[in-house]
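**Student:** Supplied structure: coords07.cif, mmCIF, C-alpha atoms.
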```cif
data_my_file
#
loop_
_atom_site.label_atom_id
_atom_site.label_comp_id
_atom_site.auth_asym_id
_atom_site.auth_seq_id
_atom_site.Cartn_x
_atom_site.Cartn_y
_atom_site.Cartn_z
CA MET L 1 -8.20 -4.02 -37.77
CA GLN L 2 -7.16 -0.46 -37.06
CA ASN L 3 -4.03 1.00 -38.54
CA GLY L 4 -1.55 2.88 -36.43
CA SER L 5 -3.63 5.90 -35.46
CA THR L 6 -3.10 6.31 -31.74
CA ASN L 7 -5.27 9.46 -31.74
CA LYS L 8 -8.36 7.35 -32.23
CA ILE L 9 -7.37 5.22 -29.24
CA TRP L 10 -6.86 8.31 -27.07
CA GLU L 11 -10.31 9.54 -28.14
CA LEU L 12 -11.90 6.24 -27.17
CA LEU L 13 -10.05 6.05 -23.87
CA ASN L 14 -11.35 9.50 -23.07
CA THR L 15 -14.88 8.08 -23.16
CA VAL L 16 -14.13 5.43 -20.51
CA PRO L 17 -15.23 6.82 -17.14
CA ASP L 18 -13.46 6.21 -13.84
CA PRO L 19 -15.60 3.45 -12.25
CA GLU L 20 -15.79 5.26 -8.89
CA ILE L 21 -15.95 8.87 -10.13
CA PRO L 22 -17.86 8.74 -13.42
CA VAL L 23 -17.52 12.48 -14.16
CA ILE L 24 -13.88 12.04 -15.13
CA SER L 25 -12.38 9.70 -17.70
CA VAL L 26 -9.43 7.38 -17.20
CA VAL L 27 -7.40 9.77 -19.34
CA GLU L 28 -8.29 12.72 -17.12
CA LEU L 29 -7.43 10.64 -14.08
CA GLY L 30 -3.91 10.43 -15.49
CA VAL L 31 -3.55 6.64 -15.50
CA ILE L 32 -2.86 6.32 -19.23
CA LEU L 33 0.85 6.93 -19.53
CA ASP L 34 1.23 6.33 -23.23
CA VAL L 35 -0.24 4.66 -26.31
CA LYS L 36 2.11 3.22 -28.92
CA PHE L 37 1.61 1.28 -32.12
CA VAL L 38 4.18 -1.52 -32.34
CA ASP L 39 4.15 -4.64 -34.54
CA ASN L 40 0.57 -4.10 -35.63
CA SER L 41 -0.83 -3.72 -32.17
CA PHE L 42 -1.64 -0.88 -29.81
CA LEU L 43 0.29 -0.91 -26.55
CA ILE L 44 -1.56 0.98 -23.84
CA TYR L 45 0.59 1.76 -20.83
CA ILE L 46 -1.35 2.08 -17.59
CA SER L 47 -0.08 3.38 -14.28
CA PRO L 48 -2.18 2.03 -11.39
CA THR L 49 -3.36 4.65 -8.85
CA TYR L 50 -3.35 3.63 -5.18
CA SER L 51 -1.98 0.08 -4.82
CA GLY L 52 -5.12 -1.08 -3.09
CA CYS L 53 -7.65 0.50 -5.41
CA PRO L 54 -10.10 -2.22 -6.56
CA ALA L 55 -11.12 0.04 -9.47
CA THR L 56 -7.77 -0.64 -11.17
CA LYS L 57 -9.03 -4.01 -12.36
CA THR L 58 -12.43 -2.59 -13.30
CA PHE L 59 -11.08 0.17 -15.50
CA GLN L 60 -8.81 -2.26 -17.33
CA ASP L 61 -11.87 -4.37 -18.09
CA ASP L 62 -13.82 -1.25 -19.09
CA ILE L 63 -11.03 -0.15 -21.45
CA SER L 64 -10.94 -3.60 -23.09
CA THR L 65 -14.72 -3.62 -23.51
CA CYS L 66 -14.77 -0.11 -25.00
CA LEU L 67 -12.05 -0.88 -27.54
CA LYS L 68 -13.63 -4.20 -28.56
CA GLU L 69 -17.02 -2.54 -28.97
CA ASN L 70 -15.33 -0.18 -31.40
CA ASN L 71 -13.93 -3.11 -33.30
CA ILE L 72 -10.39 -2.74 -32.08
CA HIS L 73 -8.95 -6.07 -31.03
CA ASN L 74 -5.24 -5.60 -31.65
CA PHE L 75 -4.29 -4.04 -28.32
CA LYS L 76 -2.44 -4.90 -25.14
CA LEU L 77 -2.77 -3.31 -21.72
CA ILE L 78 0.57 -3.01 -19.99
CA ILE L 79 0.86 -2.12 -16.32
CA LYS L 80 3.78 0.17 -15.65
CA TYR L 81 4.82 1.24 -12.17
CA ASP L 82 7.42 3.75 -13.23
CA PRO L 83 6.88 6.67 -12.99
CA PRO L 84 4.51 6.15 -10.08
CA TRP L 85 1.07 7.67 -10.53
CA THR L 86 0.56 10.97 -8.80
CA THR L 87 -2.35 13.35 -8.33
CA ASP L 88 -0.13 16.02 -9.97
CA LEU L 89 -1.13 14.40 -13.29
CA MET L 90 -4.62 15.87 -12.99
CA THR L 91 -5.32 19.02 -14.95
CA GLU L 92 -7.07 22.08 -13.50
CA GLU L 93 -10.07 21.24 -15.68
CA THR L 94 -10.29 17.76 -14.14
CA LYS L 95 -10.03 19.22 -10.64
CA GLU L 96 -12.87 21.59 -11.49
CA LYS L 97 -15.02 18.61 -12.54
CA LEU L 98 -14.31 16.85 -9.24
CA MET L 99 -15.25 19.99 -7.31
CA LYS L 100 -18.57 20.25 -9.15
CA TYR L 101 -19.22 16.55 -8.48
CA GLY L 102 -18.81 17.23 -4.75
CA ILE L 103 -15.31 15.87 -4.20
CA SER L 104 -12.70 18.34 -3.02
CA PRO L 105 -9.84 17.93 -5.53
CA PRO L 106 -6.23 17.18 -4.56
CA SER L 107 -4.51 20.35 -3.34
CA ASN L 108 -2.53 21.56 -0.35
CA ILE L 109 -5.36 23.82 0.77
CA VAL L 110 -8.48 21.72 1.15
CA VAL L 111 -11.55 23.59 -0.08
CA CYS L 112 -15.14 22.69 0.82
CA PRO L 113 -16.96 21.69 -2.38
CA GLN L 114 -20.27 23.04 -1.00
CA CYS L 115 -19.47 26.57 0.17
CA LYS L 116 -15.87 26.88 -1.14
CA SER L 117 -14.57 27.79 2.31
CA GLU L 118 -10.93 27.03 3.06
CA LYS L 119 -11.72 26.56 6.75
CA THR L 120 -11.85 22.79 6.79
CA GLN L 121 -10.83 20.07 9.20
CA LEU L 122 -9.55 16.53 8.67
CA ILE L 123 -11.74 13.82 10.19
CA SER L 124 -9.91 10.76 8.86
CA GLU L 125 -7.19 10.24 6.27
CA PHE L 126 -9.18 7.29 4.95
CA GLY L 127 -12.57 7.40 3.28
CA SER L 128 -15.03 5.43 1.20
CA THR L 129 -12.41 4.60 -1.45
CA ALA L 130 -8.62 4.29 -1.42
CA CYS L 131 -8.22 7.73 -3.00
CA LYS L 132 -10.27 9.77 -0.57
CA SER L 133 -10.06 11.18 2.93
CA LEU L 134 -12.85 12.58 5.10
CA TYR L 135 -13.13 16.25 5.95
CA LYS L 136 -15.57 18.58 7.63
CA CYS L 137 -16.20 22.20 6.69
CA ILE L 138 -15.91 24.57 9.66
CA ASN L 139 -17.92 27.21 7.81
CA CYS L 140 -20.99 25.30 6.55
CA LEU L 141 -20.47 22.27 8.82
CA GLU L 142 -21.03 19.82 5.95
CA PRO L 143 -18.87 16.71 5.81
CA PHE L 144 -17.17 16.06 2.47
CA GLU L 145 -14.58 13.91 0.75
CA HIS L 146 -11.17 15.09 -0.38
CA PHE L 147 -9.09 13.42 -3.08
CA LYS L 148 -5.82 12.47 -1.30
CA CYS L 149 -2.61 13.94 -2.71
CA ILE L 150 0.03 11.34 -3.47
CA MET V 1 15.65 -20.20 -5.35
CA SER V 2 17.56 -17.24 -6.69
CA ASN V 3 18.65 -14.48 -4.33
CA LEU V 4 16.54 -11.94 -6.18
CA LEU V 5 13.43 -14.09 -5.91
CA ASN V 6 14.00 -14.67 -2.22
CA TYR V 7 14.56 -10.96 -1.65
CA THR V 8 11.41 -9.98 -3.55
CA LEU V 9 9.37 -12.49 -1.56
CA ARG V 10 10.59 -11.02 1.72
CA ILE V 11 9.15 -7.65 0.73
CA ALA V 12 5.92 -9.07 -0.68
CA ASP V 13 5.42 -11.28 2.39
CA ASN V 14 5.71 -8.32 4.77
CA ALA V 15 2.97 -6.55 2.84
CA ILE V 16 0.56 -9.47 2.56
CA ILE V 17 0.91 -10.63 6.16
CA LEU V 18 0.40 -7.17 7.64
CA GLY V 19 -2.43 -6.68 5.12
CA GLN V 20 -4.09 -9.88 6.37
CA ARG V 21 -3.70 -8.73 9.97
CA MET V 22 -5.30 -5.37 9.17
CA SER V 23 -8.16 -7.06 7.31
CA GLN V 24 -8.99 -8.91 10.54
CA TRP V 25 -10.10 -5.54 11.94
CA CYS V 26 -12.85 -5.35 9.32
CA SER V 27 -16.13 -4.75 11.24
CA ASN V 28 -14.21 -4.81 14.55
CA GLY V 29 -12.75 -1.30 14.54
CA PRO V 30 -13.28 0.96 17.56
CA THR V 31 -15.16 3.53 15.42
CA LEU V 32 -16.58 3.45 11.92
CA GLU V 33 -13.92 5.84 10.57
CA GLU V 34 -11.17 3.73 12.10
CA ASP V 35 -12.66 0.52 10.76
CA ILE V 36 -12.58 2.07 7.28
CA ALA V 37 -9.05 3.35 7.81
CA MET V 38 -7.67 -0.04 8.82
CA VAL V 39 -9.33 -1.84 5.94
CA ASN V 40 -8.04 0.81 3.52
CA ILE V 41 -4.53 0.23 4.84
CA SER V 42 -5.09 -3.49 4.37
CA LEU V 43 -6.06 -2.90 0.73
CA ASP V 44 -2.99 -0.77 0.10
CA LEU V 45 -0.82 -3.53 1.53
CA PHE V 46 -2.49 -6.24 -0.56
CA GLY V 47 -1.98 -4.07 -3.63
CA GLN V 48 1.70 -3.61 -2.81
CA ALA V 49 2.08 -7.36 -2.19
CA ASN V 50 0.46 -8.05 -5.56
CA GLY V 51 3.04 -5.88 -7.36
CA PHE V 52 5.97 -7.63 -5.69
CA TYR V 53 4.46 -11.10 -6.22
CA GLU V 54 3.96 -10.31 -9.91
CA TYR V 55 7.64 -9.53 -10.12
CA ALA V 56 8.47 -12.72 -8.18
CA SER V 57 6.29 -14.65 -10.60
CA SER V 58 8.17 -13.20 -13.57
CA ILE V 59 11.47 -14.29 -11.99
CA ASP V 60 10.29 -17.79 -11.09
CA GLY V 61 8.31 -18.47 -14.27
CA ASN V 62 6.40 -21.43 -12.85
CA LYS V 63 4.51 -19.83 -10.02
CA SER V 64 1.60 -17.40 -10.20
CA VAL V 65 0.86 -14.59 -7.76
CA ASP V 66 -1.80 -16.79 -6.15
CA ASP V 67 0.62 -19.72 -5.84
CA PHE V 68 2.97 -17.50 -3.85
CA ALA V 69 0.22 -16.14 -1.63
CA PHE V 70 -1.87 -19.23 -1.03
CA LEU V 71 0.27 -22.31 -1.56
CA ARG V 72 3.35 -21.71 0.54
CA SER V 73 3.59 -22.98 4.10
CA GLU V 74 4.96 -20.93 6.98
CA ARG V 75 8.54 -22.15 6.55
CA GLU V 76 8.44 -20.79 2.99
CA TYR V 77 7.34 -17.33 4.13
CA PHE V 78 10.03 -14.73 4.76
CA ASN V 79 8.17 -11.80 6.31
CA ASN V 80 9.59 -10.03 9.34
CA LEU V 81 8.38 -11.45 12.65
CA ILE V 82 6.80 -8.19 13.78
CA VAL V 83 4.10 -8.13 11.07
CA GLU V 84 2.73 -11.57 11.95
CA GLN V 85 2.18 -10.63 15.63
CA LYS V 86 -1.46 -10.73 16.65
CA ASN V 87 -3.67 -7.66 16.55
CA GLY V 88 -4.41 -7.86 20.29
CA HIS V 89 -6.27 -4.75 21.40
CA PHE V 90 -6.32 -1.59 19.28
CA GLY V 91 -3.25 -0.21 21.08
CA ASP V 92 -1.26 -3.40 20.36
CA THR V 93 -2.08 -3.03 16.66
CA ILE V 94 -1.14 0.66 16.59
CA VAL V 95 2.20 0.02 18.31
CA ARG V 96 3.07 -2.88 15.99
CA ASN V 97 2.13 -0.89 12.91
CA PHE V 98 3.94 2.25 14.05
CA LEU V 99 7.23 0.39 14.62
CA PHE V 100 6.90 -1.32 11.25
CA ASP V 101 5.63 1.74 9.34
CA ALA V 102 8.59 3.79 10.58
CA TYR V 103 10.89 1.09 9.15
CA SER V 104 8.84 0.73 5.97
CA VAL V 105 9.13 4.41 5.01
CA LEU V 106 12.92 4.28 5.38
CA PHE V 107 13.14 0.93 3.59
CA TYR V 108 11.04 1.93 0.56
CA ASN V 109 12.84 5.24 0.34
CA LYS V 110 16.11 3.35 -0.14
CA LEU V 111 14.54 0.65 -2.30
CA SER V 112 13.39 3.36 -4.73
CA GLU V 113 17.10 3.92 -5.47
CA SER V 114 17.74 0.22 -6.19
CA LYS V 115 19.58 -0.69 -9.37
CA ASP V 116 16.84 -3.20 -10.05
CA GLU V 117 14.39 -1.01 -11.98
CA ILE V 118 11.26 -2.92 -11.04
CA LEU V 119 12.06 -3.06 -7.33
CA ALA V 120 12.88 0.65 -7.50
CA ALA V 121 9.55 1.47 -9.20
CA LEU V 122 7.53 -0.66 -6.76
CA GLY V 123 9.49 0.90 -3.89
CA ALA V 124 8.70 4.43 -5.07
CA LYS V 125 5.02 3.58 -5.36
CA SER V 126 4.82 1.86 -1.97
CA LEU V 127 6.68 4.72 -0.30
CA LYS V 128 3.84 7.16 -1.04
CA GLU V 129 1.41 4.92 0.80
CA ALA V 130 3.77 3.93 3.62
CA LYS V 131 4.07 7.63 4.45
CA TYR V 132 0.40 8.07 5.19
CA HIS V 133 0.26 4.73 7.00
CA LEU V 134 3.01 6.05 9.27
CA ARG V 135 1.09 9.29 9.85
CA HIS V 136 -1.95 7.26 10.80
CA SER V 137 -0.16 5.01 13.31
CA SER V 138 1.94 7.89 14.74
CA ASN V 139 -1.10 10.08 15.36
CA TRP V 140 -2.91 7.28 17.12
CA LEU V 141 0.12 6.37 19.21
CA ILE V 142 0.41 9.96 20.40
CA ARG V 143 -3.30 10.08 21.20
CA LEU V 144 -3.18 6.80 23.14
CA GLY V 145 0.12 7.40 24.93
CA ASP V 146 -0.81 10.96 25.86
CA GLY V 147 -4.47 10.08 26.46
CA THR V 148 -5.72 8.73 29.76
CA GLU V 149 -3.71 7.03 32.48
CA GLU V 150 -5.19 3.70 31.41
CA SER V 151 -4.46 4.14 27.69
CA ASN V 152 -0.89 5.16 28.53
CA ILE V 153 -0.33 2.07 30.68
CA LYS V 154 -1.83 -0.18 28.02
CA VAL V 155 0.26 1.04 25.09
CA GLN V 156 3.40 1.14 27.21
CA LYS V 157 2.81 -2.56 27.79
CA SER V 158 2.15 -3.12 24.06
CA LEU V 159 5.50 -1.52 23.37
CA GLU V 160 7.33 -3.73 25.91
CA ASP V 161 5.62 -6.85 24.57
CA ILE V 162 6.56 -6.37 20.93
CA TRP V 163 9.97 -4.74 21.26
CA MET V 164 11.85 -8.05 20.94
CA TYR V 165 10.70 -8.34 17.31
CA THR V 166 12.13 -4.99 16.18
CA GLY V 167 15.75 -6.17 15.88
CA ASN V 168 14.77 -8.57 13.10
CA LEU V 169 13.96 -5.60 10.83
CA PHE V 170 17.58 -4.46 10.68
CA GLU V 171 19.28 -7.83 10.16
CA MET V 172 21.41 -8.56 7.12
CA ASP V 173 22.11 -12.10 5.91
CA ASP V 174 24.17 -13.45 2.99
CA ILE V 175 21.40 -12.82 0.48
CA ASP V 176 21.05 -9.20 1.57
CA ASN V 177 24.79 -8.68 1.47
CA GLU V 178 25.18 -10.27 -1.97
CA LEU V 179 22.42 -8.11 -3.44
CA LEU V 180 23.68 -5.05 -1.62
CA LYS V 181 27.02 -5.46 -3.41
CA SER V 182 25.26 -5.25 -6.77
CA GLY V 183 23.24 -2.21 -5.67
CA ILE V 184 19.92 -4.03 -5.56
CA ALA V 185 19.19 -4.59 -1.87
CA VAL V 186 18.73 -2.06 0.90
CA ASP V 187 21.29 -2.01 3.70
CA ASN V 188 18.84 -2.61 6.58
CA SER V 189 21.51 -2.03 9.20
CA SER V 190 21.98 1.52 7.91
CA LEU V 191 18.34 2.38 8.62
CA ILE V 192 18.50 1.94 12.36
CA ASN V 193 19.68 5.45 13.27
CA ASP V 194 16.89 7.19 11.39
CA TRP V 195 14.40 4.67 12.71
CA ASP V 196 15.59 5.35 16.27
CA LYS V 197 15.20 9.06 15.68
CA LYS V 198 11.62 8.71 14.44
CA VAL V 199 10.68 6.28 17.23
CA ASN V 200 12.18 8.57 19.88
CA GLU V 201 10.39 11.60 18.46
CA ILE V 202 6.96 9.97 18.50
CA LEU V 203 7.40 8.16 21.83
CA ASP V 204 8.44 11.48 23.33
CA LYS V 205 5.29 13.17 22.08
CA ALA V 206 3.26 10.17 23.25
CA LYS V 207 4.83 10.35 26.74
CA LEU V 208 5.94 6.74 26.42
CA ASN V 209 9.25 5.21 27.43
CA LYS V 210 11.40 3.38 24.96
CA PRO V 211 11.93 -0.20 26.18
CA GLU V 212 15.41 -1.08 27.35
CA ASP V 213 17.70 -3.14 25.14
CA CYS V 214 16.62 -6.74 25.35
CA TYR V 215 16.95 -10.10 23.63
CA MET V 216 15.94 -9.81 19.97
CA GLN V 217 14.12 -12.69 18.28
CA THR V 218 15.46 -13.69 14.87
CA GLY V 219 14.75 -16.30 12.18
CA SER V 220 12.42 -14.84 9.51
CA LYS V 221 15.06 -14.82 6.77
CA LYS V 222 15.35 -18.60 7.17
CA GLY V 223 11.59 -19.07 7.29
CA LEU V 224 11.51 -19.50 11.07
CA HIS V 225 8.50 -17.80 12.57
CA THR V 226 6.54 -17.30 15.76
CA GLU V 227 3.56 -19.56 16.35
CA HIS V 228 1.12 -16.90 15.08
CA LEU V 229 2.03 -17.13 11.39
CA GLY V 230 0.75 -20.70 10.95
CA HIS V 231 -2.64 -19.77 12.38
CA LEU V 232 -2.84 -16.70 10.16
CA LEU V 233 -1.99 -18.72 7.04
CA SER V 234 -4.47 -21.48 7.85
CA ASP V 235 -7.18 -18.83 7.78
CA MET V 236 -5.87 -16.90 4.78
CA GLN V 237 -5.16 -19.99 2.66
CA PHE V 238 -8.18 -22.07 3.64
CA LEU V 239 -10.13 -21.61 0.43
CA GLN V 240 -7.31 -22.45 -1.97
CA ARG V 241 -6.30 -25.46 0.12
CA ALA V 242 -9.85 -26.82 0.43
CA TYR V 243 -10.86 -26.04 -3.16
CA PRO V 244 -7.67 -26.04 -5.25
CA ASN V 245 -7.73 -23.62 -8.20
CA ALA V 246 -11.02 -22.05 -7.09
CA LYS V 247 -11.53 -18.75 -8.88
CA TRP V 248 -13.74 -15.73 -8.24
#
```
Translate this structure into structure tokens?
**Tutor:**
Amino acid sequence: MQNGSTNKIWELLNTVPDPEIPVISVVELGVILDVKFVDNSFLIYISPTYSGCPATKTFQDDISTCLKENNIHNFKLIIKYDPPWTTDLMTEETKEKLMKYGISPPSNIVVCPQCKSEKTQLISEFGSTACKSLYKCINCLEPFEHFKCI
Amino acid sequence: MSNLLNYTLRIADNAIILGQRMSQWCSNGPTLEEDIAMVNISLDLFGQANGFYEYASSIDGNKSVDDFAFLRSEREYFNNLIVEQKNGHFGDTIVRNFLFDAYSVLFYNKLSESKDEILAALGAKSLKEAKYHLRHSSNWLIRLGDGTEESNIKVQKSLEDIWMYTGNLFEMDDIDNELLKSGIAVDNSSLINDWDKKVNEILDKAKLNKPEDCYMQTGSKKGLHTEHLGHLLSDMQFLQRAYPNAKW
């Protein structure tokens, strides 16, 4: 059983990838609100992303598996809706990772991940997953996905 | 049933029933992008419903989220009449969703200020999604209304057909009024002016005429529904009814 070091938990959580976008971790995604050590157990507060995102369940399972594999069994995952998750929780570094992966990161000016042009056009506000919308680059004509701002 | 439970179910039921309607478009959308859009909206709504049912389950103590969704009959559902109306053609769906989305944004905006912390949090979360659902239905309504002569005639008819279910959105009954006094519920009747404004703005852009005042159907707060809800539930609940406690 682990003692009350929440740093270790944060480190482990940072190794759990987002199931849909494996280049970023669940910590970088901003869904881990807090980790506390209370009454001999780790309380991990999770803020779900888009209500309809099927990955929410998957990353909870992935977090549980990762902690158990590292011999940590005294933890609880707690879903917390307040404050609501927002794309503002993503750091510049995380946005850079998304861009390299080919997904235009959340921002007011939508940039093409291929040619970096700002001349882009919305095709549909809905894409392959709950978090993405479809865009087209006017400059290089490539279609691409943009992480929706909420 | 406590007032708070009943109130929470009304919100959850709106989300799940409209979610079920939108899921019926899966593989039937007019274009691939639109098919994806409608199913995404459906998922958002199911997710919202799940949050409210979880809260309902914590109030009730004996019923799970699945019990609420799959083991209540139509008289025990409290969703607004407009969301259970059939998809019809694409224009019918867009009109129904637009009228409801415009209400939903205003409703969740107020709910996010509720003194009940959980309803407020769920309201704030749902509001973010309701906003882009409204953008989606508004943009389509403008495109259809201001499209061809045929598309204009069709959606004008959709609007006339469904208008009688809009009054139900702004009703207040004893439960609403009780919870409003304690700062928990939203005053639906106070939303009508802003709703009117939004509806007028979009109908104007869409070159559509607002239907004249007419008889407004009521009943949802007492569990009285149009004939369509029973059919929808029989489809949605089939598996749990035929194979009780079946799990994924």
**Student:** Go through the shown structure with the PyMOL selection byres ((chain L) within 6 of (chain V)) and write out the matching residues as a list in words.
**Tutor:** Ser51, Gly52, Tyr81, Asp82, Pro84 and Phe126 of chain L
**Student:** Counting all atoms listed in the file, what is within 9 Å of Thr93 of chain V, bar same-chain residues fewer than 6 positions away, as a short mmCIF file (atom, residue, chain, number, x, y, z; two decimals) with C-alpha atoms, keeping the file's coordinate frame?
**Tutor:**
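New file around_10.cif:
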```cif
data_model
loop_
_atom_site.label_atom_id
_atom_site.label_comp_id
_atom_site.auth_asym_id
_atom_site.auth_seq_id
_atom_site.Cartn_x
_atom_site.Cartn_y
_atom_site.Cartn_z
CA ARG V 21 -3.70 -8.73 9.97
CA MET V 22 -5.30 -5.37 9.17
CA GLN V 85 2.18 -10.63 15.63
CA LYS V 86 -1.46 -10.73 16.65
CA ASN V 87 -3.67 -7.66 16.55
CA SER V 137 -0.16 5.01 13.31
CA SER V 158 2.15 -3.12 24.06
#
```
**Student:** Would you list the residues near (-5.2, -16.3, 9.7), meaning any protein, DNA or RNA residue with an atom at most 12 Å from that point in file coordinates, counting only C-alpha atoms, as a list in words?
**Tutor:**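 Nearby residues: Ile16, Ile17, Leu18, Gly19, Gln20, Arg21, Met22, Ser23, Gln24, Phe70, Glu74, Glu84, Gln85, Lys86, Asn87, Glu227, His228, Leu229, Gly230, His231, Leu232, Leu233, Ser234, Asp235, Met236, Gln237, Phe238 and Leu239 of chain V.
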**Student:** Mind checking which residues fall within 9 Å of Lys97 of chain L, counting all atoms listed in the file, ignoring those fewer than 5 positions away in the same chain, and posting them as a PyMOL selection string?
**Tutor:** chain L and resi 23-24+92+102-103+105
**Student:** Which residues would end up in the selection if the PyMOL selection byres ((chain L and resi 28) around 8) were applied here, given that I need the answer as a list in words?
**Tutor:**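 Evaluating the PyMOL selection byres ((chain L and resi 28) around 8) on these coordinates yields Asn14, Ile24, Ser25, Val26, Val27, Leu29, Gly30, Val31, Met90, Thr91 and Thr94 of chain L.
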**Student:** Please list as a PyMOL selection string every residue within 12 Å of Leu13 of chain L, counting all atoms listed in the file and excluding residues in the same chain fewer than 6 positions away.
**Tutor:** chain L and resi 6-7+24-35+44-46+59-60+62-68+70
**Student:** So which residues touch Asp174 of chain V within 10 Å, counting only C-alpha atoms, skipping near sequence neighbours fewer than 4 positions away, as a PDB file with C-alpha atoms, in the frame of the given file?
**Tutor:**
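For reference, part01.pdb as written:
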```pdb
ATOM      1  CA  ASN V   3      18.650 -14.480  -4.330  1.00  0.00           C
ATOM      2  CA  GLU V 178      25.180 -10.270  -1.970  1.00  0.00           C
ATOM      3  CA  LEU V 179      22.420  -8.110  -3.440  1.00  0.00           C
ATOM      4  CA  LEU V 180      23.680  -5.050  -1.620  1.00  0.00           C
ATOM      5  CA  LYS V 221      15.060 -14.820   6.770  1.00  0.00           C
TER       6      LYS V 221
END
```
**Student:** Please expand the PyMOL selection byres ((chain L and resi 42) around 10) into the concrete residues it hits in this file, giving the result as a PyMOL selection string.
**Tutor:** chain L and resi 2-6+9+35-41+43-45+72-77
**Student:** Rounded to one decimal in Å, what is the spacing between atom CA of Asn168 of chain V and atom CA of Leu4 of chain V?
**Tutor:**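 Separation of atom CA of Asn168 of chain V and atom CA of Leu4 of chain V: 19.7 Å.
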